[in-house]
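File shown here: protein.cif, holding mmCIF, C-alpha atoms.
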```
data_entry
#
loop_
_atom_site.group_PDB
_atom_site.id
_atom_site.type_symbol
_atom_site.label_atom_id
_atom_site.label_comp_id
_atom_site.auth_asym_id
_atom_site.auth_seq_id
_atom_site.Cartn_x
_atom_site.Cartn_y
_atom_site.Cartn_z
ATOM 1 C CA GLY A 974 -219.332 -120.524 66.001
ATOM 2 C CA ALA A 975 -222.460 -119.733 67.998
ATOM 3 C CA GLY A 976 -225.700 -121.203 66.729
ATOM 4 C CA PRO A 977 -228.845 -119.114 66.170
ATOM 5 C CA ALA A 978 -230.308 -120.010 69.572
ATOM 6 C CA GLU A 979 -227.065 -119.207 71.380
ATOM 7 C CA GLY A 980 -226.742 -115.869 69.605
ATOM 8 C CA ALA A 981 -230.366 -115.008 70.282
ATOM 9 C CA ASN A 982 -229.975 -115.758 73.977
ATOM 10 C CA SER A 983 -226.645 -113.987 74.491
ATOM 11 C CA HIS A 984 -228.400 -110.950 75.945
ATOM 12 C CA ILE A 985 -229.984 -113.172 78.619
ATOM 13 C CA VAL A 986 -226.544 -114.447 79.636
ATOM 14 C CA ALA A 987 -225.210 -110.861 79.670
ATOM 15 C CA GLU A 988 -228.179 -109.698 81.749
ATOM 16 C CA PHE A 989 -227.656 -112.488 84.290
ATOM 17 C CA GLY A 990 -223.917 -111.784 84.593
ATOM 18 C CA LEU A 991 -224.455 -108.038 84.965
ATOM 19 C CA LYS A 992 -227.093 -108.539 87.654
ATOM 20 C CA LEU A 993 -224.686 -110.772 89.534
ATOM 21 C CA ILE A 994 -221.725 -108.375 89.469
ATOM 22 C CA THR A 995 -223.845 -105.293 90.258
ATOM 23 C CA THR A 996 -225.340 -107.103 93.247
ATOM 24 C CA PHE A 997 -221.873 -107.847 94.601
ATOM 25 C CA LEU A 998 -220.661 -104.300 93.882
ATOM 26 C CA LYS A 999 -223.743 -102.823 95.547
ATOM 27 C CA ARG A 1000 -223.109 -104.800 98.706
ATOM 28 C CA GLU A 1001 -219.443 -103.714 98.668
ATOM 29 C CA ARG A 1002 -218.176 -107.221 99.268
ATOM 30 C CA PHE A 1003 -214.872 -106.371 97.600
ATOM 31 C CA ASP A 1004 -211.863 -104.839 99.336
ATOM 32 C CA LYS A 1005 -211.136 -101.683 97.337
ATOM 33 C CA LYS A 1006 -207.460 -101.766 98.377
ATOM 34 C CA ASP A 1007 -206.757 -105.425 97.599
ATOM 35 C CA PRO A 1008 -204.640 -105.666 94.383
ATOM 36 C CA ALA A 1009 -206.025 -109.141 93.671
ATOM 37 C CA VAL A 1010 -209.592 -107.830 93.849
ATOM 38 C CA LEU A 1011 -208.785 -104.831 91.645
ATOM 39 C CA GLY A 1012 -207.109 -107.133 89.128
ATOM 40 C CA MET A 1013 -210.222 -109.300 89.080
ATOM 41 C CA LEU A 1014 -212.586 -106.336 88.558
ATOM 42 C CA ASP A 1015 -210.457 -104.516 85.967
ATOM 43 C CA PRO A 1016 -211.596 -106.624 82.957
ATOM 44 C CA TYR A 1017 -215.226 -105.792 83.707
ATOM 45 C CA VAL A 1018 -214.617 -102.220 82.511
ATOM 46 C CA SER A 1019 -213.828 -103.420 78.991
ATOM 47 C CA LEU A 1020 -216.710 -105.895 79.163
ATOM 48 C CA THR A 1021 -219.302 -103.296 80.126
ATOM 49 C CA CYS A 1022 -217.975 -100.827 77.538
ATOM 50 C CA GLY A 1023 -218.360 -103.565 74.929
ATOM 51 C CA LEU A 1024 -221.959 -104.148 75.952
ATOM 52 C CA LEU A 1025 -222.742 -100.446 75.418
ATOM 53 C CA LYS A 1026 -222.673 -101.183 71.686
ATOM 54 C CA ASN A 1027 -225.721 -103.417 72.086
ATOM 55 C CA THR A 1028 -228.588 -100.943 71.991
ATOM 56 C CA LYS A 1029 -231.187 -103.565 71.059
ATOM 57 C CA TYR A 1030 -231.857 -104.635 74.645
ATOM 58 C CA ASN A 1031 -232.672 -101.810 77.030
ATOM 59 C CA THR A 1032 -232.184 -103.923 80.162
ATOM 60 C CA VAL A 1033 -228.625 -104.841 79.132
ATOM 61 C CA LEU A 1034 -227.848 -101.166 78.515
ATOM 62 C CA VAL A 1035 -229.225 -100.080 81.888
ATOM 63 C CA LEU A 1036 -227.339 -102.807 83.755
ATOM 64 C CA SER A 1037 -224.114 -102.135 81.814
ATOM 65 C CA LEU A 1038 -224.274 -98.443 82.679
ATOM 66 C CA ARG A 1039 -225.088 -99.211 86.320
ATOM 67 C CA CYS A 1040 -222.176 -101.647 86.537
ATOM 68 C CA LEU A 1041 -219.802 -99.189 84.851
ATOM 69 C CA CYS A 1042 -220.726 -96.403 87.279
ATOM 70 C CA MET A 1043 -220.126 -98.736 90.235
ATOM 71 C CA LEU A 1044 -216.703 -99.732 88.883
ATOM 72 C CA PHE A 1045 -215.624 -96.078 89.047
ATOM 73 C CA GLY A 1046 -215.557 -96.501 92.829
ATOM 74 C CA TYR A 1047 -212.536 -98.804 92.512
ATOM 75 C CA ARG A 1048 -210.115 -96.513 90.625
ATOM 76 C CA LEU A 1049 -209.383 -99.277 88.112
ATOM 77 C CA PRO A 1050 -206.601 -98.760 85.499
ATOM 78 C CA ALA A 1051 -208.932 -99.950 82.725
ATOM 79 C CA LEU A 1052 -211.128 -96.872 83.245
ATOM 80 C CA ASP A 1053 -208.352 -94.664 81.843
ATOM 81 C CA VAL A 1054 -207.581 -97.165 79.070
ATOM 82 C CA GLN A 1055 -211.238 -97.395 78.017
ATOM 83 C CA ALA A 1056 -212.055 -93.698 78.527
ATOM 84 C CA LYS A 1057 -212.099 -92.758 74.816
ATOM 85 C CA THR A 1058 -214.240 -95.751 73.795
ATOM 86 C CA MET A 1059 -216.494 -95.217 76.789
ATOM 87 C CA THR A 1060 -217.219 -91.559 76.040
ATOM 88 C CA GLU A 1061 -217.831 -92.269 72.343
ATOM 89 C CA ARG A 1062 -220.400 -94.943 73.175
ATOM 90 C CA LEU A 1063 -222.074 -92.914 75.917
ATOM 91 C CA LEU A 1064 -222.466 -89.984 73.540
ATOM 92 C CA ALA A 1065 -223.797 -92.247 70.767
ATOM 93 C CA ILE A 1066 -226.457 -93.610 73.130
ATOM 94 C CA LEU A 1067 -227.467 -90.090 74.180
ATOM 95 C CA GLN A 1068 -227.695 -88.922 70.579
ATOM 96 C CA ARG A 1069 -229.943 -91.862 69.675
ATOM 97 C CA SER A 1070 -232.242 -91.306 72.661
ATOM 98 C CA ARG A 1071 -235.603 -89.851 71.720
ATOM 99 C CA VAL A 1072 -236.271 -88.707 75.290
ATOM 100 C CA LEU A 1073 -233.336 -87.634 77.447
ATOM 101 C CA THR A 1074 -235.266 -88.030 80.692
ATOM 102 C CA GLY A 1075 -235.401 -91.821 80.287
ATOM 103 C CA GLU A 1076 -233.500 -94.280 82.465
ATOM 104 C CA VAL A 1077 -230.771 -95.045 79.903
ATOM 105 C CA PRO A 1078 -229.850 -91.437 78.956
ATOM 106 C CA GLN A 1079 -229.901 -90.379 82.615
ATOM 107 C CA ALA A 1080 -227.499 -93.242 83.403
ATOM 108 C CA CYS A 1081 -225.288 -91.946 80.570
ATOM 109 C CA PHE A 1082 -225.232 -88.468 82.137
ATOM 110 C CA LYS A 1083 -224.275 -90.082 85.448
ATOM 111 C CA ALA A 1084 -221.429 -91.976 83.773
ATOM 112 C CA PHE A 1085 -220.220 -88.764 82.091
ATOM 113 C CA THR A 1086 -220.240 -87.084 85.514
ATOM 114 C CA LEU A 1087 -217.816 -89.738 86.765
ATOM 115 C CA VAL A 1088 -215.626 -89.407 83.653
ATOM 116 C CA PHE A 1089 -215.180 -85.667 84.208
ATOM 117 C CA ARG A 1090 -214.833 -85.988 87.972
ATOM 118 C CA ASP A 1091 -212.533 -89.002 88.260
ATOM 119 C CA LEU A 1092 -210.546 -89.400 85.028
ATOM 120 C CA LYS A 1093 -208.313 -86.366 85.454
ATOM 121 C CA LYS A 1094 -205.781 -87.545 82.849
ATOM 122 C CA PHE A 1095 -208.413 -87.907 80.136
ATOM 123 C CA ASP A 1096 -209.667 -84.984 78.056
ATOM 124 C CA VAL A 1097 -212.939 -85.229 76.162
ATOM 125 C CA ALA A 1098 -212.531 -83.900 72.607
ATOM 126 C CA GLU A 1099 -213.984 -80.437 71.964
ATOM 127 C CA LYS A 1100 -216.324 -81.732 69.255
ATOM 128 C CA GLN A 1101 -217.758 -84.288 71.685
ATOM 129 C CA LEU A 1102 -217.997 -81.682 74.436
ATOM 130 C CA LYS A 1103 -220.055 -79.392 72.213
ATOM 131 C CA VAL A 1104 -222.488 -82.213 71.423
ATOM 132 C CA LEU A 1105 -222.729 -83.201 75.093
ATOM 133 C CA LEU A 1106 -223.333 -79.602 76.184
ATOM 134 C CA SER A 1107 -226.094 -79.219 73.582
ATOM 135 C CA LEU A 1108 -227.771 -82.348 74.998
ATOM 136 C CA VAL A 1109 -227.403 -81.029 78.553
ATOM 137 C CA ALA A 1110 -228.913 -77.718 77.443
ATOM 138 C CA GLN A 1111 -231.833 -79.610 75.892
ATOM 139 C CA ASP A 1112 -232.457 -81.773 78.956
ATOM 140 C CA ILE A 1113 -232.361 -79.068 81.644
ATOM 141 C CA GLU A 1114 -235.281 -77.372 79.911
ATOM 142 C CA GLU A 1115 -237.516 -80.363 80.631
ATOM 143 C CA PRO A 1116 -240.024 -79.777 83.474
ATOM 144 C CA ASP A 1117 -238.989 -83.090 85.022
ATOM 145 C CA ALA A 1118 -235.255 -82.679 84.376
ATOM 146 C CA SER A 1119 -233.251 -84.995 86.613
ATOM 147 C CA SER A 1120 -230.492 -83.959 88.971
ATOM 148 C CA CYS A 1121 -228.212 -86.328 86.969
ATOM 149 C CA THR A 1122 -228.016 -83.802 84.133
ATOM 150 C CA PHE A 1123 -227.204 -80.906 86.463
ATOM 151 C CA ALA A 1124 -224.598 -83.064 88.229
ATOM 152 C CA CYS A 1125 -223.010 -83.750 84.830
ATOM 153 C CA LEU A 1126 -222.858 -80.019 84.073
ATOM 154 C CA LYS A 1127 -221.349 -79.402 87.513
ATOM 155 C CA ALA A 1128 -218.589 -81.928 86.757
ATOM 156 C CA ILE A 1129 -217.898 -80.288 83.378
ATOM 157 C CA VAL A 1130 -217.700 -76.818 84.958
ATOM 158 C CA GLY A 1131 -215.393 -78.325 87.588
ATOM 159 C CA ARG A 1132 -212.937 -79.189 84.803
ATOM 160 C CA LYS A 1133 -212.847 -75.514 83.719
ATOM 161 C CA VAL A 1134 -213.960 -76.203 80.159
ATOM 162 C CA MET A 1135 -213.605 -72.935 78.235
ATOM 163 C CA LEU A 1136 -216.332 -73.014 75.600
ATOM 164 C CA PRO A 1137 -218.943 -70.343 74.775
ATOM 165 C CA ALA A 1138 -221.725 -72.883 75.396
ATOM 166 C CA ILE A 1139 -220.701 -73.082 79.065
ATOM 167 C CA TYR A 1140 -221.415 -69.361 79.532
ATOM 168 C CA ASP A 1141 -224.863 -69.705 77.926
ATOM 169 C CA LEU A 1142 -225.662 -72.793 80.000
ATOM 170 C CA VAL A 1143 -224.624 -71.253 83.304
ATOM 171 C CA GLN A 1144 -226.748 -68.182 82.578
ATOM 172 C CA ARG A 1145 -229.721 -70.513 82.072
ATOM 173 C CA VAL A 1146 -228.815 -72.429 85.246
ATOM 174 C CA ALA A 1147 -228.969 -69.174 87.216
ATOM 175 C CA GLU A 1148 -232.528 -68.640 85.941
ATOM 176 C CA ILE A 1149 -233.558 -72.236 86.724
ATOM 177 C CA MET A 1150 -232.114 -71.855 90.231
ATOM 178 C CA VAL A 1151 -234.731 -69.181 90.932
ATOM 179 C CA GLN A 1152 -237.620 -70.841 89.084
ATOM 180 C CA CYS A 1153 -237.171 -74.507 90.106
ATOM 181 C CA HIS A 1154 -239.155 -76.052 92.965
ATOM 182 C CA SER A 1155 -236.832 -79.034 93.509
ATOM 183 C CA PRO A 1156 -234.446 -78.424 96.458
ATOM 184 C CA ASN A 1157 -231.936 -80.915 95.029
ATOM 185 C CA VAL A 1158 -231.835 -79.215 91.622
ATOM 186 C CA GLN A 1159 -231.717 -75.769 93.259
ATOM 187 C CA GLN A 1160 -228.695 -76.834 95.302
ATOM 188 C CA LEU A 1161 -226.899 -78.202 92.236
ATOM 189 C CA CYS A 1162 -227.669 -75.024 90.278
ATOM 190 C CA SER A 1163 -226.278 -72.957 93.135
ATOM 191 C CA GLN A 1164 -223.102 -75.057 93.239
ATOM 192 C CA ILE A 1165 -222.639 -74.815 89.453
ATOM 193 C CA PHE A 1166 -223.116 -71.051 89.505
ATOM 194 C CA LEU A 1167 -220.728 -70.531 92.438
ATOM 195 C CA GLN A 1168 -218.037 -72.734 90.869
ATOM 196 C CA PHE A 1169 -218.419 -70.832 87.602
ATOM 197 C CA LEU A 1170 -218.023 -67.452 89.328
ATOM 198 C CA LEU A 1171 -214.896 -68.648 91.133
ATOM 199 C CA ASP A 1172 -213.144 -70.349 88.202
ATOM 200 C CA TYR A 1173 -214.178 -68.652 84.971
ATOM 201 C CA PRO A 1174 -213.018 -65.308 83.545
ATOM 202 C CA PRO A 1175 -215.506 -62.763 82.188
ATOM 203 C CA ARG A 1176 -216.895 -63.869 78.850
ATOM 204 C CA ARG A 1177 -214.974 -61.335 76.797
ATOM 205 C CA ASN A 1178 -211.697 -62.710 78.174
ATOM 206 C CA ALA A 1179 -212.574 -66.384 77.731
ATOM 207 C CA CYS A 1180 -210.983 -68.312 74.937
ATOM 208 C CA SER A 1181 -211.961 -71.637 73.441
ATOM 209 C CA SER A 1182 -210.024 -74.665 74.571
ATOM 210 C CA THR A 1183 -209.537 -77.800 72.525
ATOM 211 C CA SER A 1184 -209.924 -80.007 75.580
ATOM 212 C CA THR A 1185 -210.881 -80.109 79.214
ATOM 213 C CA SER A 1186 -208.493 -78.783 81.788
ATOM 214 C CA SER A 1187 -207.313 -81.091 84.521
#
```

Let me see whether you can do it: turn the structure in this file into structure tokens.
Amino acid sequence: GAGPAEGANSHIVAEFGLKLITTFLKRERFDKKDPAVLGMLDPYVSLTCGLLKNTKYNTVLVLSLRCLCMLFGYRLPALDVQAKTMTERLLAILQRSRVLTGEVPQACFKAFTLVFRDLKKFDVAEKQLKVLLSLVAQDIEEPDASSCTFACLKAIVGRKVMLPAIYDLVQRVAEIMVQCHSPNVQQLCSQIFLQFLLDYPPRRNACSSTSTSS
């Protein structure tokens, strides 16, 4: 088994490995259509999801989330396999975060955006959706709310999630769209509101769904 020193330094090894893979992913040195390359990258999904359990070291969390988000660009089979574990751990991190505008929670919102946008075969459980929407509602009220949170809401609305909280959130988004001074956030609010108008029935006709719609 690992000795005390080895166990204590494991986060340093993880940090080094994550920096290495994210550097390569950032430079796009991999052929996204090469089966050998995809087979090589696939195990990193499980690895990064495993590292999301380690909340003791902030740097490891940030790098794990960054690496995970980059891996979404490769359409790896492991993303679907790990989707349930991934969403559970992302939500746990968000729920433990004292401030949602921090680097780690914002990276979690970004990862959730990719889950809703890219994993069409995976449905987030309604209970988890309600918690996530309550966290989104909390974060968009912050004066310095990031576009990551609005992008996450846009991805959720894009999946036609039929929950009462969506109607309340979109109403608030319409207000923020008028009040906000950030062009990026204004644009996202506008896109969310337009998508909602196109895809959602009037509130009295909406019914709760137990999952997201693909």

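Using all atoms listed in the file, the shortest contact distance between A:Pro1175 and any of A:Pro1137, A:Gly1046, A:Gly990, A:Pro1156 is found at A:Pro1137.
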
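Counting all atoms listed in the file, the residue from A:Ile1149, A:Ala1128, A:Ile1139, A:Ile985 that sits nearest to A:Pro1116 is A:Ile1149.
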
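For the set A:Lys1133, A:Leu1044, A:Asp1096, A:Leu991, the residue with the smallest atom-to-atom gap to A:Phe1003 is A:Leu1044, counting only C-alpha atoms.
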
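With only C-alpha atoms as the atoms that count, the residue of A:His1154, A:Val1104, A:Asp1172, A:Arg1090 with the shortest distance to A:Ala1065 is A:Val1104.
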
Residues matched by the PyMOL selection byres ((chain A and resi 1085) around 9), written as a VMD selection string: chain A and resid 1060 1063 to 1064 1080 to 1084 1086 to 1090 1125 1128 to 1129

The selected residues should be written to file as a compact mmCIF listing (two decimals), keeping the file's coordinate frame (atoms: C-alpha atoms).
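The resulting file, part_0.txt, is shown below:
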```
# COMPACT_ATOMS: atom_id res chain seq x y z
CA THR A 1060 -217.22 -91.56 76.04
CA LEU A 1063 -222.07 -92.91 75.92
CA LEU A 1064 -222.47 -89.98 73.54
CA ALA A 1080 -227.50 -93.24 83.40
CA CYS A 1081 -225.29 -91.95 80.57
CA PHE A 1082 -225.23 -88.47 82.14
CA LYS A 1083 -224.28 -90.08 85.45
CA ALA A 1084 -221.43 -91.98 83.77
CA THR A 1086 -220.24 -87.08 85.51
CA LEU A 1087 -217.82 -89.74 86.76
CA VAL A 1088 -215.63 -89.41 83.65
CA PHE A 1089 -215.18 -85.67 84.21
CA ARG A 1090 -214.83 -85.99 87.97
CA CYS A 1125 -223.01 -83.75 84.83
CA ALA A 1128 -218.59 -81.93 86.76
CA ILE A 1129 -217.90 -80.29 83.38
```

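What separates atom CA of A:Ser1037 from atom CA of A:Asn982 is a distance of 16.8 Å.
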
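Comparing A:Ala987, A:Val1109, A:Leu1038, A:Leu1052 by their smallest distance to A:Lys1094, the closest is A:Leu1052 (using only C-alpha atoms).
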
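Counting from atom CA of A:Val1158, the distance to atom CA of A:Ser1120 is 5.6 Å.
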
Given the PyMOL selection byres ((chain A and resi 1169) around 12), the residues it picks as JSON, numbers by chain: {"A": [1126, 1127, 1128, 1129, 1130, 1131, 1132, 1133, 1134, 1135, 1139, 1140, 1141, 1142, 1143, 1144, 1146, 1147, 1162, 1163, 1164, 1165, 1166, 1167, 1168, 1170, 1171, 1172, 1173, 1174, 1175, 1176]}

Go ahead and save the residues from that selection, with C-alpha atoms, as a JSON list (two decimals), keeping the file's coordinate frame.
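In the end it all went to result.json:
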```json
[["chain", "number", "residue", "atom", "x", "y", "z"],
["A", 1126, "LEU", "CA", -222.86, -80.02, 84.07],
["A", 1127, "LYS", "CA", -221.35, -79.40, 87.51],
["A", 1128, "ALA", "CA", -218.59, -81.93, 86.76],
["A", 1129, "ILE", "CA", -217.90, -80.29, 83.38],
["A", 1130, "VAL", "CA", -217.70, -76.82, 84.96],
["A", 1131, "GLY", "CA", -215.39, -78.32, 87.59],
["A", 1132, "ARG", "CA", -212.94, -79.19, 84.80],
["A", 1133, "LYS", "CA", -212.85, -75.51, 83.72],
["A", 1134, "VAL", "CA", -213.96, -76.20, 80.16],
["A", 1135, "MET", "CA", -213.60, -72.94, 78.24],
["A", 1139, "ILE", "CA", -220.70, -73.08, 79.06],
["A", 1140, "TYR", "CA", -221.42, -69.36, 79.53],
["A", 1141, "ASP", "CA", -224.86, -69.70, 77.93],
["A", 1142, "LEU", "CA", -225.66, -72.79, 80.00],
["A", 1143, "VAL", "CA", -224.62, -71.25, 83.30],
["A", 1144, "GLN", "CA", -226.75, -68.18, 82.58],
["A", 1146, "VAL", "CA", -228.82, -72.43, 85.25],
["A", 1147, "ALA", "CA", -228.97, -69.17, 87.22],
["A", 1162, "CYS", "CA", -227.67, -75.02, 90.28],
["A", 1163, "SER", "CA", -226.28, -72.96, 93.14],
["A", 1164, "GLN", "CA", -223.10, -75.06, 93.24],
["A", 1165, "ILE", "CA", -222.64, -74.82, 89.45],
["A", 1166, "PHE", "CA", -223.12, -71.05, 89.50],
["A", 1167, "LEU", "CA", -220.73, -70.53, 92.44],
["A", 1168, "GLN", "CA", -218.04, -72.73, 90.87],
["A", 1170, "LEU", "CA", -218.02, -67.45, 89.33],
["A", 1171, "LEU", "CA", -214.90, -68.65, 91.13],
["A", 1172, "ASP", "CA", -213.14, -70.35, 88.20],
["A", 1173, "TYR", "CA", -214.18, -68.65, 84.97],
["A", 1174, "PRO", "CA", -213.02, -65.31, 83.54],
["A", 1175, "PRO", "CA", -215.51, -62.76, 82.19],
["A", 1176, "ARG", "CA", -216.90, -63.87, 78.85]]
```

Starting from the incomplete input, reconstruct N, CA and C atoms of stretch 1024-1041 of chain A and write that as a short mmCIF file (atom, residue, chain, number, x, y, z; two decimals), in the frame of the given file.
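Output below, filename out_31.cif:
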```
data_model
loop_
_atom_site.label_atom_id
_atom_site.label_comp_id
_atom_site.auth_asym_id
_atom_site.auth_seq_id
_atom_site.Cartn_x
_atom_site.Cartn_y
_atom_site.Cartn_z
N LEU A 1024 -220.50 -103.94 75.95
CA LEU A 1024 -221.96 -104.15 75.95
C LEU A 1024 -222.73 -102.87 75.63
N LEU A 1025 -222.08 -101.72 75.75
CA LEU A 1025 -222.74 -100.45 75.42
C LEU A 1025 -223.02 -100.32 73.92
N LYS A 1026 -222.41 -101.19 73.13
CA LYS A 1026 -222.67 -101.18 71.69
C LYS A 1026 -224.03 -101.82 71.38
N ASN A 1027 -224.47 -102.68 72.30
CA ASN A 1027 -225.72 -103.42 72.09
C ASN A 1027 -226.92 -102.59 72.56
N THR A 1028 -227.47 -101.83 71.63
CA THR A 1028 -228.59 -100.94 71.99
C THR A 1028 -229.94 -101.60 71.76
N LYS A 1029 -229.93 -102.88 71.36
CA LYS A 1029 -231.19 -103.56 71.06
C LYS A 1029 -231.97 -103.91 72.33
N TYR A 1030 -231.22 -104.20 73.41
CA TYR A 1030 -231.86 -104.64 74.64
C TYR A 1030 -231.66 -103.59 75.74
N ASN A 1031 -232.72 -102.91 76.08
CA ASN A 1031 -232.67 -101.81 77.03
C ASN A 1031 -232.17 -102.25 78.41
N THR A 1032 -232.58 -103.43 78.84
CA THR A 1032 -232.18 -103.92 80.16
C THR A 1032 -230.68 -104.11 80.24
N VAL A 1033 -230.08 -104.64 79.17
CA VAL A 1033 -228.62 -104.84 79.13
C VAL A 1033 -227.91 -103.49 79.20
N LEU A 1034 -228.44 -102.51 78.49
CA LEU A 1034 -227.85 -101.17 78.52
C LEU A 1034 -227.89 -100.56 79.92
N VAL A 1035 -229.05 -100.64 80.54
CA VAL A 1035 -229.22 -100.08 81.89
C VAL A 1035 -228.27 -100.75 82.88
N LEU A 1036 -228.21 -102.07 82.83
CA LEU A 1036 -227.34 -102.81 83.76
C LEU A 1036 -225.87 -102.55 83.47
N SER A 1037 -225.51 -102.44 82.19
CA SER A 1037 -224.11 -102.14 81.81
C SER A 1037 -223.69 -100.77 82.35
N LEU A 1038 -224.56 -99.80 82.20
CA LEU A 1038 -224.27 -98.44 82.68
C LEU A 1038 -224.20 -98.41 84.20
N ARG A 1039 -225.09 -99.14 84.86
CA ARG A 1039 -225.09 -99.21 86.32
C ARG A 1039 -223.80 -99.85 86.82
N CYS A 1040 -223.40 -100.95 86.17
CA CYS A 1040 -222.18 -101.65 86.54
C CYS A 1040 -220.96 -100.75 86.31
N LEU A 1041 -220.92 -100.08 85.17
CA LEU A 1041 -219.80 -99.19 84.85
C LEU A 1041 -219.65 -98.09 85.89
#
```
